[in-house]
Amino acid sequence: MQLSPKISSNSRLRITVFIITLVLVAVSFLYTVNLRNSADDMKGTPISVDGTVNAIGFSGDGALTYLGIRENKVIALDENNQVVWEFETMGPVLDLETNNGYIYVSDDERYIHILDNSGNVISSIKVGYRPITVAGSGDGQRILTGTTMTAMKNRLQLYDINGEQLFNQAPRNVITDVYLLDDNKHGIYISRNAEVLLFDEQGEEINSNKIAYYPVDSCFSSDSNILVVSDEGNNIYAFNTKLKLLWNVNLNEKINSIGIDPVNQQVVAVSNEGRLIVLDDTGNEQFRITVPKEIRSIEVNQSNGSLITLKGNNEVFRYGGEILSSFARNQTLLSIFNIVNIVLVVALIITAINLMPKVSHAIATRLINAAKVLYKHKLSYILILPTIALLLVFNYYPAISGLFIAFTDYKPGIYMRWVGLDNFIAMVENPYFWTGVKNMLIFLVTDLLKALIPPILFAELIVALKSSKAQYWTRVALYLPGILPGVAGLLVWKEGILGQRGLINSTLELIGLGQYATPWLGNEKTAIWALVFIGFPFIGSYIIFYGALIGIPSSLFDAAKIDGCGWWRRMLFIDIPLISPQIKYVFVVSFIASVQNFGLVYLTTMGGPGHSTYTPILELYYNMTKFQQYGVAAAMGLFLFIVIFGATLMNLRIQTAQDKM
Amino acid sequence: MAKVEKEKRFRGLNKGKGVDGPVAQVVIGIIMTLTVLFVLLPIIITVLSSLKTNYEAALGIWSWPRTPKWENWGIGLQNITSNMLNSLIICTVATAGVVFFSSIVAYVLARHDFPGKEVIFSAIIALMIIPGVLTLTPQFLLINNIGLKNTWWALLLPYISGGQVGAIFLFRTFMSQQPDELFEAAKIDGAGELMMYAKIAVPLAIPVLAIQAVGTFGAYYNDYLWPMLVIDEQAKQTLMPVLRSLTAQIAGVYEEQGVTHSMYLLSGIPLIFTTALGLKYFISGDFAAGLKL
């Protein structure tokens with residue numbers, strides 16, 4: 001047992017490297033976990049609010065948060081989310097705006113209340129129309145409001161503290177937001193018809209500017225004198241107080257809400273996909289982060305940059321002022337550390353292998369050999385690479401992630417939560433699902449019968465025709481309907497044949513059976529059978545059977561004839577066993593097509609009348625589009641796959657090239 | 001005795017009894033004529049309805065268009081052209097992609113020998129048993145997440161990818177039956193791999209490539225669910241998903257029922273060409289008989 005000093009020092013070095021790597025991996029993983037947890041902390045502080053929040057504002061010093069509640073009140077919260085005071089309004093709060101210690105609240109009973117910081121009412125003014133947006137001056141003397149009666153009657157009104165109306169203008173469209181500038185001589189309003197207007201003391205228009213689409217949200221900061229407006233075309237515009245356009249950007253995501261953060265000199269927007277997008281004060285995008293919560297609306301505390309967000313209508317969250325930059329930093333770090341972790345793990349594996357010289361040598365030889373093989377056959381690999389890459393991305397990845405998504409609650413880009421079998425439970429607890437399964441089985445059985453019996457019969461009849469010319473032209477004629485696209489064909493069946501004034505009803509009337517005429521697809525009793533009838537006389541894939549039948553050696557037929565075997569018996573006992581490979585093929589293909597047949601029901605009855613023709617694939621489609629329940633949709637996909645797989649497994653033996661074609 | 005009996009039967013057979021008898025032949029002829037009529041019925045109805053005036057249409061489905069209103073076809077064609085062009089471009093590119101890539105892969109799998117060949121082939125063919133319904137949701141989410149939604153790539157990439165599975169299977173079977181001698185001779189003459197693919201394998205496989213192309217084109221032209229999911233704008237959409245809404249839009253403008261039917265009919269124009277192309281191959285049944293398990 002003598003180790004030469006060289007080897008032992010060598011192995012000591014190896015062990016040291018391994019241990020260092022191991023420590024690095026552990027540290028890095030711990031840090032990543034920590035980062036992840038702190039990302040979860042970004043959820044903010046939930047605030048319990050009794051009621052639905054319609055409007056949010058902050059006191060001048062930023063210490064108090066005011067929530068305008070639909071249930072007729074304004075609540076003031078301190079920084080610890082304790083209620084400081086409450087104020088009862090006449091009706092549901094429509095808008096709430098603060099300026100320099102004054103709170104302006106409008107309600108649905110057409111009152112505007114002016115409150116001070118302690119919740120004492122200074123004045124309540126009754127206005128004529130619904131004050132959907134309100135703004136007030138910093139001295140508490142002037143109240144500007146945009147009101148509406150119906151879609152056609154809109155007003156821009158300025159009142160003083162005593163309720164005296166100073167002007168009353170009739171704008172062309174609904175006013176979505178009003179702002180009173182600090183000089184008290186000018187104001188800005190945003191009109192529903194995609195316009196931003198500047199007006200003077202009399203409410204006369206001075207200047208206006210168009211935006212591309214309908215306005216969604218806006219925010220005016222008197223600290224930075226910037227007005228930002230977002231529209232339905234994903235644009236954000238920034239204007240100065242003269243309504244000069246400072247910049248505009250397109251964010252490529254639907255914007256729900258926007259706010260100005262004068263503390264950090266940035267603009268914060270919330271997208272419909274649940275991302276917070278932060279722009280600097282010149283419109284350059286700083287970062288875009290996915291927040292763990294869906295956010296409908298956002299309000300920035302002008303004095304300290306903290307955020308209040310709304311999820312849905314009554315889930316309120318408060319975030320500290322540094323939250324955005326630290327979250328973004330964490331996200332960046334997280335993505336870096338994800339890569340670092342992978343590198344470290346690879347390094348760890350290499351150093352671990354390195355501990356055992358024999359193994360490492362063997363592996364190195366193998367790798368070199370593999371590389372040699374790859375290089376030797378490089379042309380083959382390069383040629384199949386594009387296809388393999390496409391299949392991996394667009395077929396394998398979806399197939400595997402489909403299995404996974406079925407067990408999660410998935411909101412793309414926002415969150416993905418493991419929910420176990422919940423999606424499947426939701427699926428089977430939905431009563432429509434079982435109606436759908438019943439219909440699916442009806443379609444399945446009839447589709448299989450339709451795909452096998454008539455086509456085999458037709459193929460036999462064509463073969464039985466003695467004239468080869470007749471055979472040929474029959475086949476040509478039967479092939480011609482291929483020029484009518486499937487969708488068009490279905491619509492023709494729906495309207496021209498099965499409709500109220502379609503072929504069937506017209507024929508019934510013609511032969512005096514008019515009393516049996518009915519809208520076949522609109523009648524709950526007949527709808528599903530009318531759908532089954534579509535495609536009559538179901539020639540289907542007869543050509544496959546025809547091809548197989550003419551491939552049967554004629555000597556067999558002759559022998560059968562000589563033995564006195566009739567046409568029917570020959571068909572049942574000779575032809576059908578001989579064409580069973582084709583029958584199996586048609587069976588499997590029809591089975592798959594039937595379960596996945598979406599157009600048939602969607603284009604004709606959309607599952608109706610009632611739910612009489614509802615199918616699982618239709619529900620899958622609705623889950624993906626209308627309800628955006630991707631987890632449930634994937635679970636249904638998995639269910640249908642199992643149904644199909646069961647049938648395929650019974651029949652399928654994949655042919656490889658060794659089998660004859 | 002037995003011989004005489006057999007002889008008798010054989011003669012009977014030739015006399016034309018049973019299925020071959022004149023009565024049976026007439027019955028079969030009638031059945032097949034009726035079948036053909038029923039099969040063609042949707043097209044006949046569409047052609048007739050597309051040429052009727054509203055008054056004639058109101059008279060019922062059995063009324064005959066006295067003076068065919070051909071202008072219905074003009075209006076109908078005008079209104080489906082832009083979406084039909086979308087369909088044509090997308091289906092042509094997708095079909096070309098499928099045939100091009102899968103023929104290359106099939107050639108490599110059939111002619112080359114390299115480690116992992118069988119595994120790769122099995123991995124490709126395994127996708128045949130995965131139905132679209134399983135991958136529908138995740139594929140939609142994938143397209144959504146990589147920002148391809150509402151672009152033609154959302155159609156082209158999955159089409160070119162998914163369409164290859166069946167095509168590779170078919171082409172490989174076909175190409176592996178091409179005679180080795182041809183390729184060996186070419187190799188001796190100094191032909192490279194690409195030359196052998198382009199000058200020997202592909203020309204010999206033209207029928208099967210054509211059949212696959214016709215089938216792929218038709219399938220994508222008729223596709224309905226996928227484009228409806230991934231394309232939001234009508235201007236970018238293929239024809240089939242918008243056919244119903246197009247007819248509804250036009251019905252509001254022209255108030256001619258015939259136009260609706262002309263649009264149904266004319267939406268099949270590209271399929272007329274592919275049908276004509278496929279006729280030669282499909283009608284004989286030789287190829288179809290190869291579809292078996």
# chains A, B, ... in the order shown; residues from 1 in each chain; ligands from 1
>>> select_by_dssp(residues="segment 21-268 of chain B", states="helix (DSSP H, G or I)", output="VMD selection string")
chain B and resid 22 to 50 54 to 58 71 to 111 117 to 129 132 to 145 153 to 175 180 to 188 193 to 204 206 to 221 225 to 230 234 to 236 239 to 254 257 to 266
>>> residues_around(residues="Asp281 of chain A", least_positions_apart="5", cutoff="8 Å", atoms="only C-alpha atoms", output="VMD selection string")
chain A and resid 265 to 267
>>> atom_distance(atom1="atom CA of Ala352 of chain A", atom2="atom CA of Tyr375 of chain A")
28.1 Å
>>> closest_residue(among="A:Gly402, A:Gly486, A:Gly68, A:Gly566", to="Gly51 of chain A", atoms="only C-alpha atoms")
A:Gly68
>>> atom_distance(atom1="atom CA of Met240 of chain B", atom2="atom CA of Pro270 of chain B")
12.3 Å
>>> decode(residues="segment 171-213 of chain B", atoms="N, CA and C atoms", output="short mmCIF file (atom, residue, chain, number, x, y, z; two decimals), in the first residue's frame")
data_model
loop_
_atom_site.label_atom_id
_atom_site.label_comp_id
_atom_site.auth_asym_id
_atom_site.auth_seq_id
_atom_site.Cartn_x
_atom_site.Cartn_y
_atom_site.Cartn_z
N PHE B 171 -43.13 8.14 -46.45
CA PHE B 171 -42.02 8.30 -47.38
C PHE B 171 -40.91 7.30 -47.11
N ARG B 172 -40.64 7.05 -45.85
CA ARG B 172 -39.55 6.14 -45.53
C ARG B 172 -39.87 4.74 -46.05
N THR B 173 -41.10 4.31 -45.81
CA THR B 173 -41.51 3.01 -46.31
C THR B 173 -41.28 2.94 -47.82
N PHE B 174 -41.68 4.02 -48.49
CA PHE B 174 -41.58 4.05 -49.94
C PHE B 174 -40.13 4.09 -50.40
N MET B 175 -39.35 4.94 -49.74
CA MET B 175 -37.97 5.14 -50.20
C MET B 175 -37.09 3.93 -49.90
N SER B 176 -37.44 3.20 -48.83
CA SER B 176 -36.60 2.04 -48.53
C SER B 176 -36.85 0.92 -49.54
N GLN B 177 -37.93 1.07 -50.34
CA GLN B 177 -38.18 0.06 -51.37
C GLN B 177 -37.54 0.42 -52.70
N GLN B 178 -36.94 1.62 -52.76
CA GLN B 178 -36.27 1.99 -54.01
C GLN B 178 -35.02 1.12 -54.16
N PRO B 179 -34.73 0.69 -55.40
CA PRO B 179 -33.62 -0.27 -55.59
C PRO B 179 -32.27 0.30 -55.18
N ASP B 180 -31.55 -0.48 -54.37
CA ASP B 180 -30.22 -0.08 -53.90
C ASP B 180 -29.26 0.16 -55.05
N GLU B 181 -29.40 -0.66 -56.11
CA GLU B 181 -28.42 -0.62 -57.20
C GLU B 181 -28.29 0.78 -57.78
N LEU B 182 -29.44 1.47 -57.88
CA LEU B 182 -29.43 2.81 -58.45
C LEU B 182 -28.50 3.72 -57.67
N PHE B 183 -28.62 3.61 -56.35
CA PHE B 183 -27.83 4.51 -55.51
C PHE B 183 -26.35 4.13 -55.54
N GLU B 184 -26.11 2.80 -55.57
CA GLU B 184 -24.72 2.36 -55.61
C GLU B 184 -24.05 2.80 -56.91
N ALA B 185 -24.79 2.68 -57.99
CA ALA B 185 -24.25 3.09 -59.28
C ALA B 185 -23.95 4.59 -59.27
N ALA B 186 -24.87 5.35 -58.70
CA ALA B 186 -24.68 6.80 -58.65
C ALA B 186 -23.46 7.14 -57.83
N LYS B 187 -23.29 6.38 -56.72
CA LYS B 187 -22.15 6.64 -55.84
C LYS B 187 -20.84 6.41 -56.60
N ILE B 188 -20.83 5.32 -57.36
CA ILE B 188 -19.63 5.01 -58.13
C ILE B 188 -19.35 6.13 -59.13
N ASP B 189 -20.43 6.70 -59.68
CA ASP B 189 -20.25 7.80 -60.62
C ASP B 189 -19.90 9.10 -59.92
N GLY B 190 -19.79 9.04 -58.60
CA GLY B 190 -19.33 10.22 -57.87
C GLY B 190 -20.43 11.17 -57.42
N ALA B 191 -21.65 10.68 -57.39
CA ALA B 191 -22.75 11.55 -56.97
C ALA B 191 -22.70 11.74 -55.46
N GLY B 192 -22.95 12.97 -55.00
CA GLY B 192 -23.00 13.24 -53.57
C GLY B 192 -24.35 12.89 -53.01
N GLU B 193 -24.45 13.03 -51.68
CA GLU B 193 -25.70 12.68 -51.00
C GLU B 193 -26.88 13.51 -51.52
N LEU B 194 -26.65 14.83 -51.62
CA LEU B 194 -27.75 15.70 -52.02
C LEU B 194 -28.16 15.40 -53.44
N MET B 195 -27.17 15.08 -54.27
CA MET B 195 -27.46 14.73 -55.66
C MET B 195 -28.35 13.49 -55.72
N MET B 196 -27.99 12.48 -54.91
CA MET B 196 -28.78 11.24 -54.95
C MET B 196 -30.19 11.48 -54.45
N TYR B 197 -30.31 12.36 -53.43
CA TYR B 197 -31.64 12.68 -52.92
C TYR B 197 -32.46 13.36 -54.00
N ALA B 198 -31.84 14.38 -54.64
CA ALA B 198 -32.60 15.21 -55.56
C ALA B 198 -32.82 14.52 -56.91
N LYS B 199 -31.85 13.69 -57.33
CA LYS B 199 -31.94 13.17 -58.69
C LYS B 199 -32.47 11.73 -58.75
N ILE B 200 -32.42 11.02 -57.64
CA ILE B 200 -32.90 9.64 -57.68
C ILE B 200 -34.09 9.43 -56.76
N ALA B 201 -33.88 9.70 -55.48
CA ALA B 201 -34.92 9.37 -54.49
C ALA B 201 -36.20 10.15 -54.75
N VAL B 202 -36.07 11.48 -54.91
CA VAL B 202 -37.28 12.29 -55.07
C VAL B 202 -38.03 11.97 -56.38
N PRO B 203 -37.34 11.97 -57.52
CA PRO B 203 -38.09 11.67 -58.76
C PRO B 203 -38.82 10.33 -58.69
N LEU B 204 -38.19 9.33 -58.06
CA LEU B 204 -38.86 8.03 -57.98
C LEU B 204 -40.06 8.07 -57.05
N ALA B 205 -40.03 8.99 -56.11
CA ALA B 205 -41.09 9.02 -55.10
C ALA B 205 -42.19 10.02 -55.43
N ILE B 206 -42.14 10.60 -56.62
CA ILE B 206 -43.11 11.65 -56.96
C ILE B 206 -44.56 11.27 -56.65
N PRO B 207 -45.03 10.09 -57.05
CA PRO B 207 -46.45 9.79 -56.76
C PRO B 207 -46.79 9.88 -55.28
N VAL B 208 -45.93 9.30 -54.46
CA VAL B 208 -46.25 9.28 -53.04
C VAL B 208 -46.09 10.67 -52.44
N LEU B 209 -45.14 11.46 -52.97
CA LEU B 209 -45.02 12.84 -52.51
C LEU B 209 -46.26 13.63 -52.90
N ALA B 210 -46.76 13.38 -54.10
CA ALA B 210 -47.94 14.11 -54.58
C ALA B 210 -49.15 13.77 -53.71
N ILE B 211 -49.31 12.48 -53.43
CA ILE B 211 -50.44 12.06 -52.61
C ILE B 211 -50.38 12.74 -51.25
N GLN B 212 -49.19 12.73 -50.66
CA GLN B 212 -49.04 13.36 -49.35
C GLN B 212 -49.31 14.85 -49.43
N ALA B 213 -48.81 15.49 -50.48
CA ALA B 213 -49.00 16.93 -50.63
C ALA B 213 -50.48 17.26 -50.75
#
